[in-house]
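Asker: Okay, here's the structure, questions in a sec.
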2 protein chains.
Amino acid sequence: MTTRPPAPRRQGAAWTRVFEAATRLFYAEGVHAVGVDRIIAEAGVAKATFYHHFPGKDDLVRAYIVEQSRLQRAIADQPGSASPREVIVAAFERMCRFGADPGYRGCPFVNTAAEYPDAAHPVRRAIDEHRNWCRRLFRDLLIADGHPDPDRTAQTLLLLKDGLGVGFDLDDPAVVGAAVREAVTRLLDAGAHSAEVRAGDGAR
Amino acid sequence: MTTRPPAPRRQGAAWTRVFEAATRLFYAEGVHAVGVDRIIAEAGVAKATFYHHFPGKDDLVRAYIVEQSRLQRAIADQPGSASPREVIVAAFERMCRFGADPGYRGCPFVNTAAEYPDAAHPVRRAIDEHRNWCRRLFRDLLIADGHPDPDRTAQTLLLLKDGLGVGFDLDDPAVVGAAVREAVTRLLDAGAHSAEVRAGDGAR
DNA sequence: CCGAGCGTAGACAGGTCTGTCTGGTAACGT
DNA sequence: ACGTTACCAGACAGACCTGTCTACGCTCGG
């Protein structure tokens, strides 16, 4: 009589429901602002089931970060015939599209890092890993594009990425988008420009 | 017998002690992670005194943000004989010095905004005010410097400011500092460069 | 001298947090 | 037929959260 499925639930889906509810809530409201009770309520899952799949809340937070990183890598890693430079431009174009969405609430990595002051915490380590991957990706693309200073410029691209994450959340998306597009173009042109200068050609 | 001063406390200083403890803790550990009990304990103040001075915790948070904004304005507003361009460069130089400090934990405005998803919240409004002041300041300086696109470039400087706030907290400060200094210089040179080009001069 | 204002100490209420535990149900592989 | 695994419902513990309240003391202006 009791314990019948209130929702037509697929079996084996409790983990997924918990994870998806957590992802949505963590992103929209912040990690510390969302309790386990809230997550299991929205997932329609028993508390024991939650703690059966995740040893503790922090493990869920870490899984959330790792999955966000995996998603971004999957998008960036899909092969294409574009030039390195076009790949970078397309990546920022994509970020600008995401940022213009009304549901945008900032970069999940930056927002979560703000709630974990301890740099040695597993969650922070996961965030560090993602940032390192990102910086390496930028650097490799810049090298492939023949940029004269790939390491520093990769960090500059990271600066822009972090800046747009904050800006799209707190400022006017249209202005932020315009500023980002121009800054990225100029940054990449600076590399090409240097190469041209070295080849004996002037500006324009 | 009871109620003797454990510390040699100056009278009328309870508000200050609360505020300073809150500022330190909010910045170092985040707003949601620090409770009122903790603040009053570190301030050496009774709970009733806390609620005598602040209607609630959010008011204290707002006061924290407003004061941080006031401090930054005070630094930026002090007059000098420097050119507009030098003022901008000096501002970023100052931020880089702050960011290199081992106690640096990111931009208080960005970190706090990450904990207040509701854009209509008084705390978020205070943060918006600060960002608007900052953008206006950049724009006015760029106009005074004769930059051809002050509005967009002001937003770009804001992008860099937010990016360095995150980067100095999460990445290698030395690399971030180098990237910031170069990006700012290049951004300001681009304006001057456009002027030169319009005057009929080529690159270099 | 005396009251107002600021301060202390600490109990208390009502809620929420993470995490544990009991008890029972349903599907599945062997 | 049986054990395992996944799942649900919900009570419970113990800590911490914000915020209120009582009761008392110190100091200073009038």
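Residue numbers start at 1 in each chain; chains themselves are named A, B, ... in the order of the structure tokens; ligands are numbered from 1 in the order shown.
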DSSP on the backbone: which residues in segment 64-146 of chain A end up as alpha helix (DSSP H)? Give the answer as number ranges by chain.

Answerer: A: 64-77, 84-100, 108-114, 122-144

Asker: Residues within 10 Å of DC17 of chain C, please, as a count of residues only. Count only C-alpha atoms (C1' of nucleotides); anything in the same chain fewer than 3 positions from it doesn't count.

Answerer: 7

Asker: Please report as a list in words which residues of chain D come no farther than 8 Å from chain A, using only C-alpha atoms (C1' of nucleotides).

Answerer: DA6, DC7, DC8 and DA9 of chain D

Asker: Print the selection's residues with N, CA and C atoms (P, O5', C5', C4', C3', O3' and C1' of nucleotides) to a file, as a short mmCIF file (atom, residue, chain, number, x, y, z; two decimals), in the first residue's frame.

Answerer:
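Final file, result_20.cif:
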```cif
data_model
loop_
_atom_site.label_atom_id
_atom_site.label_comp_id
_atom_site.auth_asym_id
_atom_site.auth_seq_id
_atom_site.Cartn_x
_atom_site.Cartn_y
_atom_site.Cartn_z
P DA D 6 23.47 -0.86 -6.05
"O5'" DA D 6 22.01 -0.24 -6.16
"C5'" DA D 6 21.26 -0.48 -7.34
"C4'" DA D 6 19.84 0.04 -7.13
"C3'" DA D 6 19.80 1.48 -6.59
"O3'" DA D 6 18.97 2.26 -7.43
"C1'" DA D 6 18.44 0.04 -5.28
P DC D 7 18.94 3.80 -7.19
"O5'" DC D 7 17.68 4.01 -6.25
"C5'" DC D 7 16.41 3.58 -6.70
"C4'" DC D 7 15.45 3.45 -5.56
"C3'" DC D 7 15.28 4.71 -4.70
"O3'" DC D 7 14.24 5.51 -5.24
"C1'" DC D 7 15.10 2.63 -3.47
P DC D 8 13.90 6.89 -4.51
"O5'" DC D 8 12.86 6.49 -3.38
"C5'" DC D 8 11.66 5.82 -3.73
"C4'" DC D 8 10.83 5.58 -2.49
"C3'" DC D 8 10.63 6.83 -1.63
"O3'" DC D 8 9.26 7.03 -1.35
"C1'" DC D 8 11.48 5.03 -0.32
P DA D 9 8.80 8.48 -0.91
"O5'" DA D 9 8.43 8.32 0.62
"C5'" DA D 9 7.75 7.16 1.09
"C4'" DA D 9 7.81 7.14 2.60
"C3'" DA D 9 7.89 8.52 3.25
"O3'" DA D 9 6.81 8.68 4.16
"C1'" DA D 9 9.58 7.08 4.11
#
```

Asker: Near Asp149 of chain B, counting only C-alpha atoms (C1' of nucleotides), which residues have an atom at most 10 Å away, once you skip same-chain residues fewer than 4 positions from it, shown as a list of chain:residue names?

Answerer: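 In the requested format, the answer is B:Arg139, B:Leu142, B:Ile143, B:Thr153, B:Ala154, B:Gly191.
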
Asker: Generate a file of the selected residues that holds C-alpha atoms, formatted as a short mmCIF file (atom, residue, chain, number, x, y, z; two decimals), in the first residue's frame.

Answerer:
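Written out: selection32.cif:
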```
data_model
loop_
_atom_site.label_atom_id
_atom_site.label_comp_id
_atom_site.auth_asym_id
_atom_site.auth_seq_id
_atom_site.Cartn_x
_atom_site.Cartn_y
_atom_site.Cartn_z
CA ARG B 139 35.30 55.97 -18.92
CA LEU B 142 39.67 57.31 -21.06
CA ILE B 143 37.80 60.33 -22.39
CA THR B 153 37.10 50.20 -23.38
CA ALA B 154 35.92 51.06 -19.86
CA GLY B 191 43.66 54.20 -28.24
#
```

Asker: Smallest atom-to-atom distance to Arg181 of chain B: which of B:Tyr27, B:Tyr51, B:Tyr104, B:Phe92, using only C-alpha atoms?

Answerer: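 Answer, going by the shortest atom-to-atom distance: B:Phe92.
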
Asker: Using only C-alpha atoms (C1' of nucleotides), find each residue of chain C with at least one atom at most 10 Å away from an atom of chain B; report its shortest atom-to-atom pair and that distance in Å (one decimal), sort the rows by chain and rising residue number, and return the result as a Markdown table.

Answerer:
```
| residue | atom | partner | partner_atom | distance |
| --- | --- | --- | --- | --- |
| C:DC6 | C1' | B:Gly12 | CA | 7.5 |
| C:DG7 | C1' | B:Thr49 | CA | 7.0 |
| C:DT8 | C1' | B:Thr3 | CA | 5.7 |
| C:DA9 | C1' | B:Ala46 | CA | 7.3 |
| C:DG10 | C1' | B:Ala46 | CA | 9.1 |
```

Asker: Mind writing the picked residues with C-alpha atoms (C1' of nucleotides) as a tab-separated table (two decimals), in the first residue's frame?

Answerer:
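What ended up in again21.tsv:
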```
chain	number	residue	atom	x	y	z
C	6	DC	C1'	25.58	51.91	25.74
C	7	DG	C1'	27.44	47.84	27.12
C	8	DT	C1'	27.77	42.62	29.05
C	9	DA	C1'	26.20	37.88	29.95
C	10	DG	C1'	23.59	34.40	28.62
```

Asker: Kindly provide, as a VMD selection string, the residues of chain B having any atom no farther than 6 Å from an atom of chain A, counting only C-alpha atoms.

Answerer: chain B and resid 29 111 114 117 152 156 159 162 to 163 179 203

Asker: Kindly export the residues of the current selection with N, CA and C atoms, as an mmCIF file, in the first residue's frame.

Answerer:
```cif
data_model
loop_
_atom_site.group_PDB
_atom_site.id
_atom_site.type_symbol
_atom_site.label_atom_id
_atom_site.label_comp_id
_atom_site.auth_asym_id
_atom_site.auth_seq_id
_atom_site.Cartn_x
_atom_site.Cartn_y
_atom_site.Cartn_z
ATOM 1 N N GLU B 29 36.532 34.211 4.666
ATOM 2 C CA GLU B 29 35.825 32.934 4.656
ATOM 3 C C GLU B 29 34.495 32.950 3.919
ATOM 4 N N ASN B 111 33.157 38.162 -4.949
ATOM 5 C CA ASN B 111 32.916 37.035 -4.052
ATOM 6 C C ASN B 111 31.555 37.145 -3.365
ATOM 7 N N ALA B 114 28.624 36.527 -5.652
ATOM 8 C CA ALA B 114 28.424 35.103 -5.928
ATOM 9 C C ALA B 114 27.534 34.457 -4.876
ATOM 10 N N PRO B 117 22.413 35.611 -5.173
ATOM 11 C CA PRO B 117 21.891 35.433 -6.535
ATOM 12 C C PRO B 117 20.834 36.461 -6.921
ATOM 13 N N ARG B 152 33.214 51.292 -24.447
ATOM 14 C CA ARG B 152 33.544 49.888 -24.585
ATOM 15 C C ARG B 152 34.860 49.558 -23.878
ATOM 16 N N THR B 156 36.022 46.954 -20.987
ATOM 17 C CA THR B 156 37.163 46.037 -21.142
ATOM 18 C C THR B 156 38.085 46.120 -19.930
ATOM 19 N N LEU B 159 36.544 44.192 -17.327
ATOM 20 C CA LEU B 159 36.798 42.766 -17.576
ATOM 21 C C LEU B 159 38.151 42.374 -16.997
ATOM 22 N N ASP B 162 38.084 42.398 -13.131
ATOM 23 C CA ASP B 162 37.433 41.202 -12.589
ATOM 24 C C ASP B 162 38.301 39.972 -12.811
ATOM 25 N N GLY B 163 38.894 39.905 -13.997
ATOM 26 C CA GLY B 163 39.743 38.763 -14.301
ATOM 27 C C GLY B 163 40.928 38.670 -13.368
ATOM 28 N N ALA B 179 50.518 39.346 -17.245
ATOM 29 C CA ALA B 179 49.453 39.403 -18.254
ATOM 30 C C ALA B 179 48.640 40.689 -18.108
ATOM 31 N N ALA B 203 52.472 52.232 -38.001
ATOM 32 C CA ALA B 203 52.944 51.548 -36.796
ATOM 33 C C ALA B 203 54.441 51.736 -36.632
#
```

Asker: So that I can check the surroundings of DG30 of chain D, please list as a ChimeraX atom specification every protein, DNA and RNA residue that reaches within 12 Å of it, counting only C-alpha atoms (C1' of nucleotides) and ignoring chain neighbours fewer than 2 positions away.

Answerer: /C:1-4 /D:28

Asker: Rank nothing, just name the residue among D:DA1, D:DG10, D:DT18, D:DA23 nearest to DG24 of chain C, using only C-alpha atoms (C1' of nucleotides).

Answerer: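 That would be D:DG10, the residue with the smallest distance to DG24 of chain C.
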
Asker: Take atom CA of Tyr64 of chain B and atom CA of Thr23 of chain B and report the distance between them in Å, one decimal.

Answerer: 6.1 Å

Asker: For the atom pair atom CA of Trp133 of chain B and atom CA of Pro102 of chain B, what is the interatomic distance in Å to one decimal place?

Answerer: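 Here the two named atoms are 27.7 Å from each other.
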